[in-house]
>>> print(open('coords-v5.csv').read())   # CSV, C-alpha atoms
chain,number,residue,atom,x,y,z
A,877,MET,CA,80.4,102.8,106.3
A,878,SER,CA,77.8,100.6,108.1
A,879,PRO,CA,75.4,101.8,110.7
A,880,VAL,CA,77.1,99.6,113.3
A,881,ILE,CA,80.5,101.2,112.7
A,882,ARG,CA,78.8,104.6,112.9
A,883,ARG,CA,77.4,103.8,116.3
A,884,VAL,CA,80.8,102.6,117.6
A,885,LEU,CA,82.4,105.8,116.4
A,886,LEU,CA,79.7,107.8,118.0
A,887,GLY,CA,80.1,106.1,121.4
A,888,ASN,CA,83.9,106.6,121.2
A,889,SER,CA,83.4,110.2,120.4
A,890,LEU,CA,81.2,110.7,123.5
A,891,SER,CA,83.9,109.3,125.8
A,892,ALA,CA,86.5,111.4,124.0
A,893,LEU,CA,84.5,114.5,124.9
A,894,GLY,CA,84.9,113.6,128.6
A,895,ASN,CA,88.6,112.8,128.1
A,896,GLY,CA,89.2,116.2,126.6
A,897,LEU,CA,88.0,117.8,129.9
A,898,THR,CA,90.8,116.1,131.9
A,899,ILE,CA,93.6,114.5,129.9
A,900,PRO,CA,95.8,117.6,129.3
A,901,LEU,CA,95.4,118.6,132.9
A,902,LEU,CA,96.2,115.4,134.8
A,903,ILE,CA,99.8,116.3,135.6
A,904,VAL,CA,98.7,119.9,136.5
A,905,TYR,CA,95.9,118.6,138.8
A,906,LEU,CA,98.1,116.1,140.6
A,907,GLY,CA,101.2,118.3,140.7
A,908,GLN,CA,99.8,121.7,141.5
A,909,VAL,CA,96.1,121.4,142.7
A,910,ARG,CA,96.9,118.4,145.0
A,911,ASP,CA,100.4,119.7,145.8
A,912,LEU,CA,102.2,116.4,144.9
A,913,GLY,CA,104.9,118.2,142.8
A,914,THR,CA,105.8,117.7,139.1
A,915,ALA,CA,108.2,114.7,139.8
A,916,THR,CA,105.6,112.8,141.8
A,917,ALA,CA,102.9,113.5,139.3
A,918,GLY,CA,105.1,112.3,136.5
A,919,LEU,CA,105.7,109.1,138.4
A,920,VAL,CA,101.9,108.6,138.8
A,921,LEU,CA,101.5,108.8,135.0
A,922,THR,CA,104.4,106.3,134.7
A,923,VAL,CA,102.7,103.9,137.1
A,924,MET,CA,99.5,104.2,135.1
A,925,ALA,CA,101.4,103.2,132.0
A,926,LEU,CA,103.0,100.2,133.8
A,927,VAL,CA,99.7,98.9,135.1
A,928,THR,CA,98.3,99.1,131.6
A,929,LEU,CA,101.4,97.3,130.4
A,930,VAL,CA,101.0,94.4,132.8
A,931,LEU,CA,97.3,93.9,132.1
A,932,MET,CA,97.5,94.2,128.3
A,933,PRO,CA,98.4,90.6,127.5
A,934,ALA,CA,95.3,89.4,129.3
A,935,THR,CA,93.3,91.9,127.3
A,936,GLY,CA,94.3,90.3,124.1
A,937,ILE,CA,93.5,86.8,125.3
A,938,LEU,CA,90.0,87.9,126.6
A,939,VAL,CA,89.2,89.6,123.3
A,940,ASP,CA,90.1,86.6,121.3
A,941,ARG,CA,88.1,84.3,123.5
A,942,LEU,CA,85.1,86.5,124.5
A,943,GLY,CA,85.0,89.0,121.6
A,944,PRO,CA,85.9,92.7,121.8
A,945,ARG,CA,82.6,94.2,122.9
A,946,PRO,CA,82.2,92.6,126.4
A,947,VAL,CA,85.8,93.4,127.2
A,948,LEU,CA,85.4,96.9,126.0
A,949,ILE,CA,82.2,97.4,128.2
A,950,GLY,CA,84.0,96.1,131.2
A,951,GLY,CA,87.0,98.4,130.7
A,952,LEU,CA,84.8,101.5,130.3
A,953,LEU,CA,83.0,100.7,133.6
A,954,VAL,CA,86.2,100.4,135.5
A,955,GLN,CA,87.6,103.5,133.9
A,956,SER,CA,84.5,105.5,134.8
A,957,LEU,CA,84.9,104.4,138.4
A,958,GLY,CA,88.6,105.3,138.5
A,959,VAL,CA,88.1,108.7,137.0
A,960,ALA,CA,85.4,109.6,139.5
A,961,LEU,CA,87.7,108.5,142.3
A,962,LEU,CA,90.4,110.9,141.1
A,963,THR,CA,88.3,113.7,142.7
A,964,GLN,CA,89.2,112.1,146.1
A,965,VAL,CA,93.0,112.3,145.8
A,966,THR,CA,94.5,113.7,149.0
A,967,SER,CA,98.0,112.2,149.0
A,968,ALA,CA,100.6,110.5,146.9
A,969,GLY,CA,99.4,107.1,148.1
A,970,SER,CA,95.8,107.7,147.1
A,971,ALA,CA,97.0,109.2,143.8
A,972,PHE,CA,98.9,106.0,142.9
A,973,ALA,CA,96.1,103.7,144.0
A,974,ILE,CA,93.3,105.5,142.1
A,975,ALA,CA,95.5,106.0,139.1
A,976,ALA,CA,96.0,102.2,139.0
A,977,ILE,CA,92.2,101.7,138.8
A,978,VAL,CA,92.0,104.2,135.9
A,979,ALA,CA,94.9,102.4,134.1
A,980,ALA,CA,93.2,99.0,134.6
A,981,GLY,CA,90.1,100.3,132.9
A,982,SER,CA,92.2,101.8,130.1
A,983,ALA,CA,94.0,98.5,129.6
A,984,PHE,CA,90.7,96.9,128.7
A,985,THR,CA,89.5,99.7,126.5
A,986,TRP,CA,92.0,100.7,123.8
A,987,SER,CA,92.9,97.3,122.2
A,988,PRO,CA,89.3,96.0,122.3
A,989,GLN,CA,88.2,99.2,120.5
A,990,ALA,CA,90.7,98.6,117.8
A,991,ALA,CA,89.9,94.9,117.6
A,992,LEU,CA,86.2,95.7,117.3
A,993,LEU,CA,86.7,98.1,114.4
A,994,GLY,CA,89.2,95.6,112.8
A,995,ARG,CA,86.6,92.9,113.0
A,996,LEU,CA,83.9,95.1,111.5
A,997,THR,CA,85.9,96.5,108.6
A,998,MET,CA,87.4,95.1,105.4
A,999,PRO,CA,91.1,95.8,104.6
A,1000,SER,CA,90.1,98.3,101.9
A,1001,GLN,CA,88.1,100.3,104.6
A,1002,ARG,CA,90.5,100.2,107.5
A,1003,GLN,CA,92.7,103.3,106.9
A,1004,ARG,CA,89.6,105.4,106.3
A,1005,VAL,CA,87.7,104.1,109.3
A,1006,PHE,CA,90.6,104.4,111.7
A,1007,GLY,CA,91.4,107.9,110.4
A,1008,ILE,CA,87.8,109.0,110.9
A,1009,GLN,CA,87.8,107.5,114.3
A,1010,PHE,CA,90.8,109.6,115.2
A,1011,MET,CA,89.2,112.7,113.8
A,1012,LEU,CA,86.1,112.2,115.8
A,1013,LEU,CA,88.1,111.3,118.9
A,1014,ASN,CA,90.0,114.6,118.6
A,1015,LEU,CA,86.9,116.6,117.9
A,1016,GLY,CA,85.6,115.4,121.2
A,1017,ILE,CA,88.9,116.0,123.0
A,1018,GLY,CA,89.2,119.4,121.4
A,1019,LEU,CA,85.7,120.5,122.5
A,1020,GLY,CA,86.4,119.1,126.0
A,1021,GLY,CA,89.7,121.0,126.1
A,1022,LEU,CA,87.9,124.3,125.3
A,1023,VAL,CA,85.4,123.6,128.0
A,1024,SER,CA,88.1,122.8,130.5
A,1025,ALA,CA,90.0,125.9,129.6
A,1026,THR,CA,87.0,128.0,130.8
A,1027,ILE,CA,86.4,125.9,134.0
A,1028,ALA,CA,89.8,124.8,135.3
A,1029,ASN,CA,91.3,127.0,138.0
A,1030,VAL,CA,94.4,125.8,139.9
A,1031,GLU,CA,93.3,127.9,142.9
A,1032,ALA,CA,89.9,126.3,143.0
A,1033,PRO,CA,90.1,122.5,143.3
A,1034,ASP,CA,86.3,122.1,143.0
A,1035,THR,CA,86.6,123.1,139.3
A,1036,PHE,CA,88.7,120.0,138.7
A,1037,VAL,CA,86.2,117.8,140.6
A,1038,VAL,CA,83.4,118.9,138.2
A,1039,LEU,CA,85.6,118.0,135.2
A,1040,TYR,CA,86.5,114.5,136.4
A,1041,LEU,CA,82.9,113.7,137.2
A,1042,LEU,CA,81.8,114.8,133.7
A,1043,ASP,CA,84.6,112.6,132.3
A,1044,ALA,CA,83.4,109.6,134.3
A,1045,ALA,CA,79.8,110.1,132.9
A,1046,SER,CA,81.2,110.1,129.4
A,1047,PHE,CA,82.5,106.5,129.7
A,1048,LEU,CA,79.0,105.4,130.9
A,1049,ALA,CA,77.5,107.1,127.8
A,1050,TYR,CA,79.7,104.9,125.6
A,1051,VAL,CA,78.6,101.8,127.5
A,1052,VAL,CA,75.0,102.7,126.7
A,1053,VAL,CA,75.8,102.9,123.0
A,1054,LEU,CA,77.6,99.5,123.0
A,1055,LEU,CA,74.7,97.8,124.7
A,1056,THR,CA,72.5,98.6,121.7
A,1057,LEU,CA,74.8,96.6,119.4
A,1058,LYS,CA,73.1,93.2,119.9
A,1059,GLY,CA,75.2,90.3,118.8
A,1060,VAL,CA,78.1,92.5,117.5
A,1061,GLY,CA,81.7,91.8,118.6
A,1062,MET,CA,80.7,88.7,120.7
A,1063,GLY,CA,82.6,85.5,120.8
A,1064,PRO,CA,85.9,84.4,119.2
A,1065,ALA,CA,86.6,85.0,115.5
A,1066,PRO,CA,87.1,81.9,113.3
A,1067,GLY,CA,90.5,80.3,113.5
A,1068,PRO,CA,92.8,79.3,110.5
A,1069,VAL,CA,91.0,77.5,107.7
A,1070,GLN,CA,91.9,73.8,107.7
A,1071,GLY,CA,91.8,71.2,105.0
A,1072,ALA,CA,89.6,68.1,105.2
A,1073,GLY,CA,92.4,65.9,106.4
A,1074,ASP,CA,94.0,68.3,108.8
A,1075,THR,CA,94.1,67.6,112.5
A,1076,PRO,CA,92.1,70.2,114.5
A,1077,HIS,CA,94.2,72.4,116.7
A,1078,PRO,CA,93.5,75.3,119.0
A,1079,PRO,CA,94.1,78.9,117.8
A,1080,GLY,CA,97.6,80.1,118.3
A,1081,GLY,CA,98.6,82.2,121.3
A,1082,TYR,CA,101.3,84.8,122.0
A,1083,ARG,CA,104.0,82.3,120.8
A,1084,GLU,CA,102.5,82.6,117.3
A,1085,VAL,CA,102.1,86.4,117.6
A,1086,PHE,CA,105.7,87.0,118.7
A,1087,GLY,CA,106.9,84.6,116.0
A,1088,ASP,CA,105.8,87.2,113.5
A,1089,ARG,CA,109.0,89.1,112.7
A,1090,THR,CA,107.3,91.7,110.7
A,1091,LEU,CA,105.1,92.5,113.7
A,1092,LEU,CA,108.2,92.7,115.9
A,1093,ARG,CA,109.8,95.3,113.6
A,1094,ILE,CA,106.7,97.4,113.6
A,1095,VAL,CA,106.6,97.1,117.4
A,1096,MET,CA,110.1,98.3,117.9
A,1097,LEU,CA,109.6,101.2,115.5
A,1098,GLY,CA,106.4,102.2,117.3
A,1099,LEU,CA,108.1,102.1,120.7
A,1100,VAL,CA,110.8,104.6,119.6
A,1101,LEU,CA,108.4,106.8,117.7
A,1102,LEU,CA,105.7,106.9,120.3
A,1103,THR,CA,108.1,107.5,123.2
A,1104,CYS,CA,109.3,110.6,121.4
A,1105,GLY,CA,105.7,111.5,120.4
A,1106,TYR,CA,102.6,110.8,122.5
A,1107,GLY,CA,104.6,109.5,125.4
A,1108,SER,CA,106.3,112.9,125.7
A,1109,LEU,CA,103.4,115.1,124.7
A,1110,MET,CA,101.1,114.6,127.7
A,1111,VAL,CA,103.9,115.7,130.1
A,1112,GLY,CA,106.2,117.7,128.0
A,1113,MET,CA,103.7,120.2,126.7
A,1114,PRO,CA,102.1,121.1,130.0
A,1115,ILE,CA,105.5,121.5,131.6
A,1116,PHE,CA,106.7,123.8,128.8
A,1117,VAL,CA,103.5,125.9,129.1
A,1118,THR,CA,103.3,126.2,132.9
A,1119,VAL,CA,106.9,125.7,134.2
A,1120,VAL,CA,109.4,126.6,131.4
A,1121,ASN,CA,107.3,129.5,130.1
A,1122,GLY,CA,105.4,130.4,133.2
A,1123,LEU,CA,102.1,130.7,131.5
A,1124,SER,CA,98.6,130.2,132.9
A,1125,VAL,CA,97.2,126.6,133.0
A,1126,SER,CA,94.5,127.7,130.6
A,1127,TRP,CA,97.1,127.8,127.8
A,1128,VAL,CA,97.5,124.0,128.2
A,1129,GLY,CA,93.9,123.5,127.2
A,1130,ILE,CA,94.2,126.0,124.4
A,1131,ALA,CA,97.3,124.3,123.0
A,1132,PHE,CA,95.6,121.0,123.0
A,1133,ALA,CA,92.5,122.6,121.4
A,1134,VAL,CA,94.8,123.9,118.6
A,1135,ASN,CA,96.2,120.4,118.3
A,1136,THR,CA,92.8,118.7,117.9
A,1137,ALA,CA,91.4,121.5,115.7
A,1138,THR,CA,94.3,120.9,113.3
A,1139,ILE,CA,93.5,117.1,113.3
A,1140,VAL,CA,89.8,117.7,112.7
A,1141,VAL,CA,90.5,120.1,109.7
A,1142,ALA,CA,93.3,118.0,108.2
A,1143,GLN,CA,92.3,114.4,108.8
A,1144,LEU,CA,90.0,113.7,105.8
A,1145,THR,CA,92.5,115.4,103.4
A,1146,VAL,CA,95.3,113.3,104.8
A,1147,ILE,CA,93.3,110.1,104.4
A,1148,ARG,CA,92.9,110.9,100.7
A,1149,LEU,CA,96.6,111.8,100.3
A,1150,ILE,CA,98.0,108.5,101.8
A,1151,ASP,CA,95.7,106.3,99.7
A,1152,ASN,CA,98.1,103.9,97.8
A,1153,ARG,CA,101.1,105.5,99.4
A,1154,SER,CA,103.9,103.6,101.1
A,1155,ARG,CA,103.1,103.3,104.8
A,1156,SER,CA,106.7,102.9,105.8
A,1157,ARG,CA,107.6,106.3,104.1
A,1158,VAL,CA,104.6,107.9,105.8
A,1159,LEU,CA,105.9,106.6,109.2
A,1160,ALA,CA,109.3,108.2,108.4
A,1161,MET,CA,107.6,111.5,107.6
A,1162,ILE,CA,105.7,111.4,110.9
A,1163,ALA,CA,109.0,111.1,112.7
A,1164,GLY,CA,110.3,114.2,110.9
A,1165,LEU,CA,107.1,116.2,111.8
A,1166,TRP,CA,107.3,115.3,115.4
A,1167,ALA,CA,111.0,116.2,115.6
A,1168,ALA,CA,110.2,119.6,114.1
A,1169,SER,CA,107.4,120.1,116.6
A,1170,TRP,CA,109.8,119.5,119.6
A,1171,VAL,CA,112.5,121.8,118.1
A,1172,ILE,CA,109.8,124.6,117.9
A,1173,MET,CA,108.7,123.8,121.5
A,1174,GLY,CA,112.3,123.9,122.7
A,1175,VAL,CA,112.8,127.4,121.3
A,1176,THR,CA,109.8,128.9,123.1
A,1177,GLY,CA,111.7,128.9,126.4
A,1178,LEU,CA,114.0,131.5,124.9
A,1179,LEU,CA,111.3,133.9,123.6
A,1180,PRO,CA,109.3,136.7,125.1
A,1181,PRO,CA,105.8,135.7,126.3
A,1182,ALA,CA,103.8,136.6,123.2
A,1183,LEU,CA,106.2,134.8,120.9
A,1184,SER,CA,106.5,131.8,123.2
A,1185,ILE,CA,102.7,131.4,123.1
A,1186,ALA,CA,102.7,131.6,119.3
A,1187,GLY,CA,105.5,129.0,119.3
A,1188,ILE,CA,103.7,126.6,121.6
A,1189,LEU,CA,100.6,126.8,119.4
A,1190,LEU,CA,102.6,126.3,116.2
A,1191,SER,CA,104.4,123.3,117.8
A,1192,SER,CA,101.0,121.8,118.8
A,1193,ALA,CA,99.7,122.2,115.2
A,1194,VAL,CA,102.8,120.6,113.6
A,1195,PHE,CA,102.6,117.7,116.0
A,1196,ALA,CA,98.9,117.3,115.1
A,1197,VAL,CA,99.7,117.0,111.4
A,1198,GLY,CA,102.0,114.1,112.2
A,1199,GLU,CA,99.1,112.5,114.2
A,1200,THR,CA,96.8,112.7,111.2
A,1201,PHE,CA,99.2,110.5,109.3
A,1202,TRP,CA,99.8,108.1,112.2
A,1203,SER,CA,96.2,107.5,113.1
A,1204,PRO,CA,95.0,105.7,109.9
A,1205,VAL,CA,98.3,104.0,109.0
A,1206,ALA,CA,99.5,102.4,112.3
A,1207,PRO,CA,96.2,100.6,113.3
A,1208,ALA,CA,95.4,99.6,109.7
A,1209,LEU,CA,98.8,98.1,109.3
A,1210,ILE,CA,98.5,96.0,112.5
A,1211,ASN,CA,95.0,94.8,111.6
A,1212,ASP,CA,95.9,94.0,108.0
A,1213,LEU,CA,98.8,91.9,109.4
A,1214,ALA,CA,96.7,90.2,112.1
A,1215,PRO,CA,95.0,86.8,111.5
A,1216,ASP,CA,91.3,87.0,112.5
A,1217,HIS,CA,91.7,84.5,115.4
A,1218,LEU,CA,94.6,86.5,116.8
A,1219,ARG,CA,93.3,90.0,116.2
A,1220,GLY,CA,92.9,90.7,119.9
A,1221,ARG,CA,96.4,89.7,120.7
A,1222,TYR,CA,97.9,91.7,117.8
A,1223,ASN,CA,96.1,94.8,118.9
A,1224,SER,CA,97.1,94.2,122.5
A,1225,VAL,CA,100.8,94.0,121.5
A,1226,GLN,CA,100.3,97.3,119.7
A,1227,SER,CA,98.8,98.6,122.9
A,1228,LEU,CA,101.8,97.3,124.8
A,1229,VAL,CA,103.8,99.7,122.8
A,1230,TRP,CA,101.6,102.5,123.9
A,1231,GLY,CA,102.0,101.3,127.5
A,1232,VAL,CA,105.8,101.1,127.4
A,1233,SER,CA,106.2,104.5,125.6
A,1234,GLY,CA,103.6,106.0,128.0
A,1235,ALA,CA,105.9,104.9,130.9
A,1236,LEU,CA,109.2,106.0,129.3
A,1237,GLY,CA,108.0,109.3,127.9
A,1238,PRO,CA,106.5,110.8,131.1
A,1239,ALA,CA,109.4,109.5,133.3
A,1240,LEU,CA,112.0,111.0,131.0
A,1241,ALA,CA,110.2,114.3,130.7
A,1242,GLY,CA,109.4,114.5,134.4
A,1243,LEU,CA,113.0,113.8,135.4
A,1244,LEU,CA,114.8,116.0,132.9
A,1245,LEU,CA,112.4,118.9,132.7
A,1246,GLY,CA,111.7,118.8,136.4
A,1247,SER,CA,115.5,119.2,136.9
A,1248,GLY,CA,115.7,122.1,134.5
A,1249,LEU,CA,117.5,120.2,131.8
A,1250,VAL,CA,115.3,121.5,129.0
A,1251,ALA,CA,117.9,121.5,126.2
A,1252,VAL,CA,119.0,117.9,127.1
A,1253,TRP,CA,115.4,116.7,126.9
A,1254,VAL,CA,114.7,118.3,123.6
A,1255,ALA,CA,117.9,117.0,122.1
A,1256,LEU,CA,117.2,113.4,123.2
A,1257,ILE,CA,113.6,113.5,121.8
A,1258,VAL,CA,114.7,114.9,118.5
A,1259,LEU,CA,117.4,112.3,118.2
A,1260,GLY,CA,114.9,109.6,119.0
A,1261,CYS,CA,112.7,110.8,116.1
A,1262,ALA,CA,115.6,110.6,113.7
A,1263,VAL,CA,116.3,107.0,114.8
A,1264,ALA,CA,112.6,106.2,114.2
A,1265,ALA,CA,112.7,107.7,110.7
A,1266,VAL,CA,115.6,105.4,109.8
A,1267,MET,CA,113.8,102.4,111.2
A,1268,ALA,CA,110.6,103.2,109.2
A,1269,LEU,CA,112.5,103.4,105.9
A,1270,ARG,CA,114.2,100.1,106.6
A,1271,LEU,CA,110.8,98.5,107.4
A,1272,ARG,CA,109.7,98.9,103.7
A,1273,SER,CA,111.7,95.9,102.5
A,1274,HIS,CA,110.0,93.7,105.1
A,1275,LEU,CA,106.4,94.5,104.0
A,1276,THR,CA,104.5,93.2,101.0
A,1277,PRO,CA,103.2,95.8,98.7
A,1278,ALA,CA,99.7,95.3,100.1
A,1279,LEU,CA,100.8,95.7,103.7
A,1280,ASP,CA,102.9,98.8,102.8
A,1281,GLY,CA,99.9,100.3,101.2
A,1282,ARG,CA,101.4,100.4,97.7
A,1283,ALA,CA,98.9,97.9,96.2
A,1284,THR,CA,95.5,99.1,94.9
A,1285,ARG,CA,93.2,99.0,97.9
>>> encode(input="coords-v5.csv", output="structure tokens")
Amino acid sequence: MSPVIRRVLLGNSLSALGNGLTIPLLIVYLGQVRDLGTATAGLVLTVMALVTLVLMPATGILVDRLGPRPVLIGGLLVQSLGVALLTQVTSAGSAFAIAAIVAAGSAFTWSPQAALLGRLTMPSQRQRVFGIQFMLLNLGIGLGGLVSATIANVEAPDTFVVLYLLDAASFLAYVVVLLTLKGVGMGPAPGPVQGAGDTPHPPGGYREVFGDRTLLRIVMLGLVLLTCGYGSLMVGMPIFVTVVNGLSVSWVGIAFAVNTATIVVAQLTVIRLIDNRSRSRVLAMIAGLWAASWVIMGVTGLLPPALSIAGILLSSAVFAVGETFWSPVAPALINDLAPDHLRGRYNSVQSLVWGVSGALGPALAGLLLGSGLVAVWVALIVLGCAVAAVMALRLRSHLTPALDGRATR
């Protein structure tokens, strides 16, 4: 792994540490600390996802034209501003407005980060680099979650102000690291190679991207799987802890800490296990693990407090194991499929999946769990995971052995 890649991973880890202070607690902060209610807080998260969704196509265009690094720096600066402003939320209106700023910064962060690593790595390195990135990301988030568990107090709003200001500073730390990478990730990547007699033509746009039927199949699979996974996790778990089971908010941070600790411990082993393994079958296995996690979580509402806590922590760990398989496979598959001159757009389309699932998951969880329909919500999420598993197995026939990870890498 080159020194440049190491620096990129270091900067991302610093911002992750700040995210860990606040990400698991956003719905609690808005719903309980700022008295907006669970339903409104869920809608705020949905609006954030929608803003990201709207801006994502522009992100891909900018990355392909300017390079991933300047776009990433701009996104981090905007995100830092938005997170700092979250300390000033006083009403539903201000929550929606400030959350839109945070989401705008996020839109110009995730896909440029993936495109930057995709540009810096060879296909044989990608699964490992993306897996290590995810491990370090979760190490930072886990440490931040432990810190937030000792600081956050629903009865003391100032504790949340401290957490959000620290989070804002972490984005600025990543910017400083990126500024040291002179000449890296700047400008467009080379377009398709042309023969001597070919007529020059501009690099393809989104029409070429959406003409890739293999990409579309991956996108639809990701949409279903992430809606039932990450899209539901950020709202579903906090609500199960604080509302369904009536536990202290500190258990939210602890549950996410267990999640991230599992990832940190298991990720390198998983990277070795999936080498030369079918990516489509790995994706189907992820769906099974996430379905099992939600079944365990659903049962916790029927258990006494001590057992419900154990169930929540077990559910979090099982979900994390699924994440360790997702993190190296999904981004490596997209970046192996992407032509160099369209890498920004391909990664932005993948980020669109995160945006849509990030809108659907919180909205569904906020509506059903907020209405007390716990069993209905769990059943729908588990069914969605089963559908995703079938889609993953059918994807195998549409991938080359190299794309599916079956070829020697």
>>> closest_residue(input="coords-v5.csv", among="A:Pro944, A:Gly1107, A:Gly1063, A:Gly1087", to="Val1229 of chain A", atoms="all atoms listed in the file")
A:Gly1107
>>> atom_distance(input="coords-v5.csv", atom1="atom CA of Ala925 of chain A", atom2="atom CA of Ala1235 of chain A")
4.9 Å
>>> atom_distance(input="coords-v5.csv", atom1="atom CA of Ala990 of chain A", atom2="atom CA of Leu1218 of chain A")
12.8 Å
>>> closest_atom_pairs(input="coords-v5.csv", of="segment 1180-1240 of chain A", to="segment 1252-1268 of chain A", cutoff="12 Å", atoms="all atoms listed in the file", output="tab-separated table")
residue	atom	partner	partner_atom	distance
A:Gly1198	CA	A:Cys1261	CA	11.9
A:Ala1206	CA	A:Ala1268	CA	11.6
A:Leu1236	CA	A:Ile1257	CA	11.5
A:Gly1237	CA	A:Ile1257	CA	9.3
A:Pro1238	CA	A:Trp1253	CA	11.5
A:Ala1239	CA	A:Trp1253	CA	11.3
A:Leu1240	CA	A:Trp1253	CA	7.8
>>> atom_distance(input="coords-v5.csv", atom1="atom CA of Leu952 of chain A", atom2="atom CA of Gly981 of chain A")
6.0 Å
>>> closest_atom_pairs(input="coords-v5.csv", of="segment 961-1015 of chain A", to="segment 1142-1152 of chain A", cutoff="7 Å", atoms="all atoms listed in the file", output="Markdown table")
| residue | atom | partner | partner_atom | distance |
| --- | --- | --- | --- | --- |
| A:Arg1004 | CA | A:Ile1147 | CA | 6.3 |
| A:Gly1007 | CA | A:Ile1147 | CA | 6.7 |
| A:Met1011 | CA | A:Gln1143 | CA | 6.1 |
>>> axis_aligned_box(input="coords-v5.csv", around="segment 950-964 of chain A", padding_each_side="4 Å", output="AutoDock Vina command-line options")
--center_x 86.7 --center_y 104.9 --center_z 138.2 --size_x 15.4 --size_y 25.6 --size_z 23.8
>>> residues_around(input="coords-v5.csv", residues="Met1062 of chain A", least_positions_apart="4", cutoff="7 Å", atoms="all atoms listed in the file", output="list in words")
Leu942, Gly943, Pro944 and Arg945 of chain A
>>> closest_atom_pairs(input="coords-v5.csv", of="segment 982-1080 of chain A", to="segment 896-901 of chain A", cutoff="7 Å", atoms="all atoms listed in the file", output="JSON lines")
{"residue": "A:Gly1016", "atom": "CA", "partner": "A:Gly896", "partner_atom": "CA", "distance": 6.5}
{"residue": "A:Ile1017", "atom": "CA", "partner": "A:Gly896", "partner_atom": "CA", "distance": 3.6}
{"residue": "A:Gly1018", "atom": "CA", "partner": "A:Gly896", "partner_atom": "CA", "distance": 6.1}
{"residue": "A:Leu1019", "atom": "CA", "partner": "A:Gly896", "partner_atom": "CA", "distance": 6.9}
{"residue": "A:Gly1020", "atom": "CA", "partner": "A:Gly896", "partner_atom": "CA", "distance": 4.1}
{"residue": "A:Gly1021", "atom": "CA", "partner": "A:Gly896", "partner_atom": "CA", "distance": 4.9}
{"residue": "A:Val1023", "atom": "CA", "partner": "A:Leu897", "partner_atom": "CA", "distance": 6.6}
{"residue": "A:Ser1024", "atom": "CA", "partner": "A:Leu897", "partner_atom": "CA", "distance": 5.0}
{"residue": "A:Leu1039", "atom": "CA", "partner": "A:Leu897", "partner_atom": "CA", "distance": 5.8}
{"residue": "A:Tyr1040", "atom": "CA", "partner": "A:Thr898", "partner_atom": "CA", "distance": 6.4}
{"residue": "A:Asp1043", "atom": "CA", "partner": "A:Leu897", "partner_atom": "CA", "distance": 6.7}
>>> write_last_selection(input="coords-v5.csv", atoms="C-alpha atoms", output="CSV table (one decimal), keeping the file's coordinate frame")
chain,number,residue,atom,x,y,z
A,1016,GLY,CA,85.6,115.4,121.2
A,1017,ILE,CA,88.9,116.0,123.0
A,1018,GLY,CA,89.2,119.4,121.4
A,1019,LEU,CA,85.7,120.5,122.5
A,1020,GLY,CA,86.4,119.1,126.0
A,1021,GLY,CA,89.7,121.0,126.1
A,1023,VAL,CA,85.4,123.6,128.0
A,1024,SER,CA,88.1,122.8,130.5
A,1039,LEU,CA,85.6,118.0,135.2
A,1040,TYR,CA,86.5,114.5,136.4
A,1043,ASP,CA,84.6,112.6,132.3
>>> residues_around(input="coords-v5.csv", residues="Ala1168 of chain A", least_positions_apart="6", cutoff="9 Å", atoms="all atoms listed in the file", output="CSV table (one decimal) with C-alpha atoms, in the frame of the given file")
chain,number,residue,atom,x,y,z
A,1191,SER,CA,104.4,123.3,117.8
A,1194,VAL,CA,102.8,120.6,113.6
A,1195,PHE,CA,102.6,117.7,116.0
A,1258,VAL,CA,114.7,114.9,118.5
>>> closest_residue(input="coords-v5.csv", among="A:Leu1091, A:Leu919, A:Cys1104, A:Leu1048", to="Gly950 of chain A", atoms="all atoms listed in the file")
A:Leu1048
>>> residues_around(input="coords-v5.csv", residues="Gly1234 of chain A", least_positions_apart="4", cutoff="10 Å", atoms="all atoms listed in the file", output="list of chain:residue names")
A:Leu921, A:Thr922, A:Val923, A:Met924, A:Ala925, A:Leu926, A:Thr928, A:Leu929, A:Leu1099, A:Leu1102, A:Thr1103, A:Cys1104, A:Gly1105, A:Tyr1106, A:Gly1107, A:Ser1108, A:Leu1109, A:Met1110, A:Val1111, A:Leu1228, A:Val1229, A:Trp1230, A:Pro1238, A:Ala1239
>>> residues_around(input="coords-v5.csv", residues="Ile1115 of chain A", least_positions_apart="3", cutoff="9 Å", atoms="only C-alpha atoms", output="VMD selection string")
chain A and resid 903 to 904 914 1111 to 1112 1118 to 1121 1241 to 1242 1245 to 1246
>>> closest_residue(input="coords-v5.csv", among="A:Ile1130, A:Leu906, A:Ile1008, A:Val959", to="Ala1045 of chain A", atoms="all atoms listed in the file")
A:Val959
>>> residues_near_point(input="coords-v5.csv", point="(74.0, 98.3, 117.7)", cutoff="7 Å", atoms="only C-alpha atoms", output="ChimeraX atom specification")
/A:880,883,1054,1056-1058
>>> closest_residue(input="coords-v5.csv", among="A:Tyr1222, A:Phe1201, A:Phe1116, A:Trp1166", to="Leu1244 of chain A", atoms="only C-alpha atoms")
A:Phe1116
>>> closest_residue(input="coords-v5.csv", among="A:Ala917, A:Leu962, A:Val1205, A:Val1171", to="Ser1154 of chain A", atoms="only C-alpha atoms")
A:Val1205
>>> residues_around(input="coords-v5.csv", residues="Ser1184 of chain A", least_positions_apart="6", cutoff="10 Å", atoms="all atoms listed in the file", output="mmCIF file with C-alpha atoms, in the frame of the given file")
data_model
loop_
_atom_site.group_PDB
_atom_site.id
_atom_site.type_symbol
_atom_site.label_atom_id
_atom_site.label_comp_id
_atom_site.auth_asym_id
_atom_site.auth_seq_id
_atom_site.Cartn_x
_atom_site.Cartn_y
_atom_site.Cartn_z
ATOM 1 C CA PHE A 1116 106.700 123.800 128.800
ATOM 2 C CA VAL A 1117 103.500 125.900 129.100
ATOM 3 C CA ASN A 1121 107.300 129.500 130.100
ATOM 4 C CA LEU A 1123 102.100 130.700 131.500
ATOM 5 C CA ILE A 1172 109.800 124.600 117.900
ATOM 6 C CA MET A 1173 108.700 123.800 121.500
ATOM 7 C CA GLY A 1174 112.300 123.900 122.700
ATOM 8 C CA VAL A 1175 112.800 127.400 121.300
ATOM 9 C CA THR A 1176 109.800 128.900 123.100
ATOM 10 C CA GLY A 1177 111.700 128.900 126.400
ATOM 11 C CA LEU A 1178 114.000 131.500 124.900
ATOM 12 C CA LEU A 1190 102.600 126.300 116.200
#
